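First comes the structure, then the notes that go with it.
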Amino acid sequence: MERRKTALAGWVLIVIGLLALFHHFIGFFTIVALILIFAGVYKMQKDRLKKGYMLAAIGGVLLVLDNLLIFIGITLISLGVFYYKARKVQPYGTAMFKQNFMSNYKWDEGPWTLRNASIWHVLGEMDADFSLALPEERETVFYMQGILGDIDFWIPEYYGVEVEAVVVFGQIQLGRDMDVGVLNRLVWKSPNYAESEYKVKFIVSYVAGDVRFQFI
């Protein structure tokens, strides 16, 4: 408890310091938005996820509305990074590329084809059950990037799995392990990766969202 209080006090001091430095450039609604976002993150860290997400979502909406040009800039930068990185991480000429403002993938309701894929969106949701997947290759690269995302992967234990995931605000869950808060990063490789017949590498990056890897 004392460690949590110390961490919270540290965050409060950082926020106050930043506001003092940049108060000429930050509007009232931005200050309110930042307070709500940090309050939401604090609630998440105390396992009060529903209330935490609600506060963070309200703060995020206010932040976007009060800084629309900045949001557009972040979106364009994200898309540029996506194009640059997708060409590097994917085998040339073999990947599926999709870019949408909003997307909703329901790959948990029947058989689907697993292929190298690069997917970008501003707002996105995905439910993918890899026990229903029909792999095209022995090794697959699954690259996802966006601004806001709610992503669920269900992966059979016979897959070899490698994960590189970054979520600036939100959570990353791997099995029963979960990181919630700010600047979440996960790099992991399953012990059976080398000898697995089928391998999947996940590269996932979101400004805000929930990314969950569950093993079945």
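In the structure tokens, each chain is lettered A, B, ... as it comes, each chain's residues begin at 1, and ligands are numbered from 1 in order of appearance.
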With a distance cut-off of 12 Å and only C-alpha atoms, select the neighbouring residues of Tyr83 (chain A), excluding the residue or stretch itself and same-chain residues fewer than 2 positions from it, and output the selection as a ChimeraX atom specification. /A:76-81,85-90,97-99,118-120,143-146
Nearby residues (only C-alpha atoms) at most 8 Å from Tyr159 (chain A), same-chain spacing under 2 positions excluded, as a ChimeraX atom specification: /A:155-157,161,192-193,196-200
As a PyMOL selection string, list the residues of region 107-186 of chain A assigned to strand (DSSP E) by DSSP on the backbone atoms of this structure. chain A and resi 107+112-114+117-129+133-135+139-155+159-174+177-186
